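> Okay, so here is protein-v1.tsv, and as you'll see once you scroll down, it has TSV, C-alpha atoms.
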```tsv
chain	number	residue	atom	x	y	z
A	144	MET	CA	-2.94	-41.56	-139.26
A	145	LYS	CA	-4.48	-38.58	-141.10
A	146	ARG	CA	-7.93	-40.16	-140.79
A	147	LEU	CA	-7.45	-40.64	-137.03
A	148	LEU	CA	-6.35	-37.02	-136.60
A	149	LEU	CA	-9.35	-35.81	-138.62
A	150	MET	CA	-11.74	-37.84	-136.47
A	151	PHE	CA	-10.13	-36.43	-133.30
A	152	LEU	CA	-10.46	-32.86	-134.54
A	153	LEU	CA	-14.06	-33.35	-135.64
A	154	LEU	CA	-14.99	-34.74	-132.24
A	155	ALA	CA	-13.05	-32.11	-130.27
A	156	SER	CA	-15.96	-29.66	-130.03
A	157	PRO	CA	-19.09	-31.77	-130.25
A	158	ALA	CA	-22.50	-30.14	-130.19
A	159	LEU	CA	-25.38	-32.18	-128.86
A	160	ALA	CA	-27.68	-33.32	-131.67
A	161	GLN	CA	-30.61	-31.27	-130.37
A	162	ASP	CA	-28.42	-28.17	-130.12
A	163	VAL	CA	-27.04	-28.29	-133.68
A	164	VAL	CA	-28.02	-25.23	-135.71
A	165	LEU	CA	-25.31	-25.52	-138.36
A	166	GLN	CA	-23.62	-28.55	-139.87
A	167	ILE	CA	-20.70	-28.57	-142.28
A	168	ALA	CA	-20.32	-31.98	-143.90
A	169	ALA	CA	-18.26	-33.70	-146.58
A	170	GLY	CA	-18.44	-37.41	-147.20
A	171	PRO	CA	-18.93	-39.19	-143.88
A	172	ASP	CA	-17.27	-36.38	-141.88
A	173	HIS	CA	-18.99	-33.38	-140.37
A	174	VAL	CA	-18.65	-30.55	-137.90
A	175	ASP	CA	-21.79	-29.89	-135.84
A	176	VAL	CA	-22.17	-26.37	-134.50
A	177	ALA	CA	-24.36	-25.28	-131.60
A	178	GLN	CA	-25.77	-21.74	-131.48
A	179	GLY	CA	-23.29	-20.78	-128.73
A	180	GLN	CA	-20.38	-21.71	-131.01
A	181	ILE	CA	-21.29	-19.07	-133.59
A	182	GLY	CA	-19.29	-15.89	-133.13
A	183	VAL	CA	-20.75	-13.67	-135.85
A	184	VAL	CA	-23.57	-14.04	-138.35
A	185	ARG	CA	-24.47	-11.05	-140.53
A	186	ILE	CA	-25.77	-10.11	-143.95
A	187	GLU	CA	-23.25	-8.58	-146.35
A	188	GLY	CA	-23.29	-7.41	-149.94
A	189	PRO	CA	-25.78	-5.47	-152.04
A	190	LEU	CA	-29.49	-5.81	-151.31
A	191	ASP	CA	-30.16	-7.55	-154.62
A	192	LEU	CA	-27.36	-10.12	-154.09
A	193	PRO	CA	-26.73	-10.58	-150.36
A	194	ALA	CA	-24.66	-13.25	-148.63
A	195	VAL	CA	-24.61	-14.43	-145.03
A	196	HIS	CA	-21.20	-14.12	-143.38
A	197	VAL	CA	-20.66	-16.75	-140.67
A	198	ILE	CA	-17.71	-16.69	-138.29
A	199	LEU	CA	-17.58	-19.55	-135.81
A	200	LYS	CA	-15.77	-19.42	-132.48
A	201	PRO	CA	-11.99	-19.98	-132.81
A	202	ASP	CA	-12.14	-23.39	-131.09
A	203	LEU	CA	-13.76	-24.75	-134.29
A	204	ASP	CA	-11.04	-23.44	-136.64
A	205	ALA	CA	-8.95	-26.63	-136.52
A	206	ALA	CA	-11.94	-28.94	-137.11
A	207	VAL	CA	-13.23	-26.91	-140.08
A	208	ALA	CA	-9.73	-26.64	-141.55
A	209	ALA	CA	-9.17	-30.41	-141.17
A	210	LEU	CA	-12.54	-31.25	-142.70
A	211	THR	CA	-12.08	-29.01	-145.71
A	212	ARG	CA	-8.45	-30.04	-146.24
A	213	ALA	CA	-9.41	-33.75	-146.18
A	214	HIS	CA	-12.19	-33.33	-148.76
A	215	LEU	CA	-10.76	-31.02	-151.45
A	216	GLY	CA	-12.59	-31.48	-154.74
A	217	GLU	CA	-15.65	-32.92	-153.01
A	218	VAL	CA	-19.04	-31.38	-152.34
A	219	LEU	CA	-19.36	-29.61	-149.00
A	220	VAL	CA	-22.90	-29.72	-147.60
A	221	ILE	CA	-23.89	-26.86	-145.31
A	222	ARG	CA	-27.09	-27.31	-143.32
A	223	VAL	CA	-28.88	-24.73	-141.20
A	224	CYS	CA	-31.34	-26.31	-138.77
A	225	GLY	CA	-31.26	-29.52	-140.82
A	226	GLU	CA	-32.01	-27.80	-144.14
A	227	VAL	CA	-29.38	-27.85	-146.88
A	228	VAL	CA	-28.63	-24.21	-147.73
A	229	MET	CA	-25.51	-24.60	-149.84
A	230	GLN	CA	-23.53	-27.36	-151.58
A	231	PRO	CA	-20.32	-25.93	-153.03
A	232	THR	CA	-17.47	-28.00	-154.41
A	233	LEU	CA	-14.40	-27.48	-152.22
A	234	ARG	CA	-11.71	-25.78	-154.29
A	235	ASP	CA	-9.56	-24.68	-151.33
A	236	ALA	CA	-9.37	-25.63	-147.66
A	237	LEU	CA	-10.75	-23.09	-145.21
A	238	PRO	CA	-7.92	-22.01	-142.88
A	239	ARG	CA	-10.46	-21.03	-140.21
A	240	ALA	CA	-14.16	-21.30	-139.50
A	241	ASP	CA	-15.11	-18.15	-141.42
A	242	PHE	CA	-17.20	-18.40	-144.60
A	243	MET	CA	-19.96	-16.84	-146.69
A	244	LEU	CA	-23.27	-18.49	-147.55
A	245	SER	CA	-24.68	-17.55	-150.93
A	246	VAL	CA	-28.43	-16.98	-150.81
A	247	LYS	CA	-31.07	-16.25	-153.43
A	248	ASP	CA	-32.37	-12.99	-151.93
A	249	GLY	CA	-32.66	-10.75	-148.87
A	250	THR	CA	-35.61	-12.71	-147.47
A	251	GLU	CA	-33.55	-15.91	-147.45
A	252	ALA	CA	-30.58	-14.09	-145.91
A	253	HIS	CA	-32.72	-12.70	-143.07
A	254	ARG	CA	-34.28	-16.14	-142.47
A	255	ILE	CA	-30.86	-17.82	-142.18
A	256	VAL	CA	-29.55	-15.10	-139.84
A	257	ARG	CA	-32.67	-15.48	-137.68
A	258	LEU	CA	-32.26	-19.29	-137.51
A	259	LEU	CA	-28.57	-19.09	-136.63
A	260	SER	CA	-29.20	-16.41	-134.02
A	261	SER	CA	-32.08	-18.20	-132.28
A	262	PRO	CA	-31.52	-20.97	-129.77
A	263	GLY	CA	-32.85	-24.33	-130.86
A	264	CYS	CA	-33.63	-23.43	-134.49
A	265	LEU	CA	-36.73	-21.37	-133.65
A	266	ARG	CA	-38.51	-20.66	-136.90
```
Would you mind writing the file's structure down as structure tokens?


Amino acid sequence: MKRLLLMFLLLASPALAQDVVLQIAAGPDHVDVAQGQIGVVRIEGPLDLPAVHVILKPDLDAAVAALTRAHLGEVLVIRVCGEVVMQPTLRDALPRADFMLSVKDGTEAHRIVRLLSSPGCLR
């Protein structure tokens, strides 16, 4: 029953494959995010150690929470425009679609913000 509920939640807000700019995946499950489903994307932190703060639209909260709850202890793969940008081990479930992406430097942070803010993964 839990697996069926998870599949329903993950399919509740589908993004068309060509529109996906962000994917959050664990095991065989994933949440695909179109550019229009991103609420906020901004750089935070000191210049020498920035992070990218991503807040998705509230309609994705349940799907992200279900995905992360179902895969505790597993590796979460976060892709931006098809490129893996982070692979943390899930220690806690995300209660909503609001997270930080660790990046190596300001150049990488600006590149990720630009990709997530541009329709169709314009590079």

> Would you compute the distance between atom CA of A:Cys264 and atom CA of A:Val164? Give it in Å to one decimal.

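It comes out at 6.0 Å.
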
> Write out as a list in words which residues come within 12 Å of A:Ser261 when counting all atoms listed in the file, dropping same-chain ones fewer than 3 positions away.

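Near A:Ser261, the qualifying residues are Asp162, Val163, Val164, Leu165, Ala177, Gln178, Gly179, Ile181, Val184, Val223, Cys224, Arg254, Ile255, Val256, Arg257, Leu258, Cys264, Leu265 and Arg266 of chain A.
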
> Pick from A:Ile167, A:Ile221, A:Val183, A:Val197: nearest to A:Met243, with all atoms listed in the file counted?

A:Val197

> Nearest to A:Ala208 among A:Gly249, A:Gly170, A:Pro238, A:Gly263, with distances taken over all atoms listed in the file: which residue is it?

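Answer, going by the shortest atom-to-atom distance: A:Pro238.
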
> Could you tell me how far atom CA of A:Asp248 lies from atom CA of A:Gln180, in Å and to one decimal?

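These atoms are spaced 25.6 Å apart.
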
> For each of A:Val176, A:Ile186, A:Val218, A:Leu203, take the minimum atom-to-atom distance to A:Pro262, counting all atoms listed in the file, then give the residue where this is smallest.

A:Val176

> Please write as a list in words the list of polymer residues whose atoms come within 9 Å of (-17.9, -31.9, -146.4), counting all atoms listed in the file and keeping to the coordinates of the file.

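Final list of nearby residues, as requested, is Ile167, Ala168, Ala169, Gly170, Pro171, Asp172, His173, Val174, Leu210, Thr211, Ala213, His214, Leu215, Glu217, Val218, Leu219, Val220, Ile221, Gln230, Thr232 and Leu233 of chain A.
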
> How about saving the chosen residues, C-alpha atoms kept, as an mmCIF file, in the frame of the given file?


```cif
data_model
loop_
_atom_site.group_PDB
_atom_site.id
_atom_site.type_symbol
_atom_site.label_atom_id
_atom_site.label_comp_id
_atom_site.auth_asym_id
_atom_site.auth_seq_id
_atom_site.Cartn_x
_atom_site.Cartn_y
_atom_site.Cartn_z
ATOM 1 C CA ILE A 167 -20.700 -28.570 -142.280
ATOM 2 C CA ALA A 168 -20.320 -31.980 -143.900
ATOM 3 C CA ALA A 169 -18.260 -33.700 -146.580
ATOM 4 C CA GLY A 170 -18.440 -37.410 -147.200
ATOM 5 C CA PRO A 171 -18.930 -39.190 -143.880
ATOM 6 C CA ASP A 172 -17.270 -36.380 -141.880
ATOM 7 C CA HIS A 173 -18.990 -33.380 -140.370
ATOM 8 C CA VAL A 174 -18.650 -30.550 -137.900
ATOM 9 C CA LEU A 210 -12.540 -31.250 -142.700
ATOM 10 C CA THR A 211 -12.080 -29.010 -145.710
ATOM 11 C CA ALA A 213 -9.410 -33.750 -146.180
ATOM 12 C CA HIS A 214 -12.190 -33.330 -148.760
ATOM 13 C CA LEU A 215 -10.760 -31.020 -151.450
ATOM 14 C CA GLU A 217 -15.650 -32.920 -153.010
ATOM 15 C CA VAL A 218 -19.040 -31.380 -152.340
ATOM 16 C CA LEU A 219 -19.360 -29.610 -149.000
ATOM 17 C CA VAL A 220 -22.900 -29.720 -147.600
ATOM 18 C CA ILE A 221 -23.890 -26.860 -145.310
ATOM 19 C CA GLN A 230 -23.530 -27.360 -151.580
ATOM 20 C CA THR A 232 -17.470 -28.000 -154.410
ATOM 21 C CA LEU A 233 -14.400 -27.480 -152.220
#
```

> Could you tell me how far atom CA of A:Lys200 lies from atom CA of A:Asp241, in Å and to one decimal?

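One can read the atom CA of A:Lys200 to atom CA of A:Asp241 distance as 9.1 Å.
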
> Counting all atoms listed in the file, which of A:Val246, A:Asp204, A:Asp175, A:Glu226 gets nearest to A:Pro189?

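Counting all atoms listed in the file, the residue closest to A:Pro189 is A:Val246.
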
> Could you put an axis-aligned box around every listed atom of stretch 165-175 of chain A, padded by 6 Å on each side, and send me its centre and edge lengths in Å to one decimal, as AutoDock Vina command-line options?


```
--center_x -21.3 --center_y -32.4 --center_z -141.5 --size_x 20.0 --size_y 25.7 --size_z 23.4
```
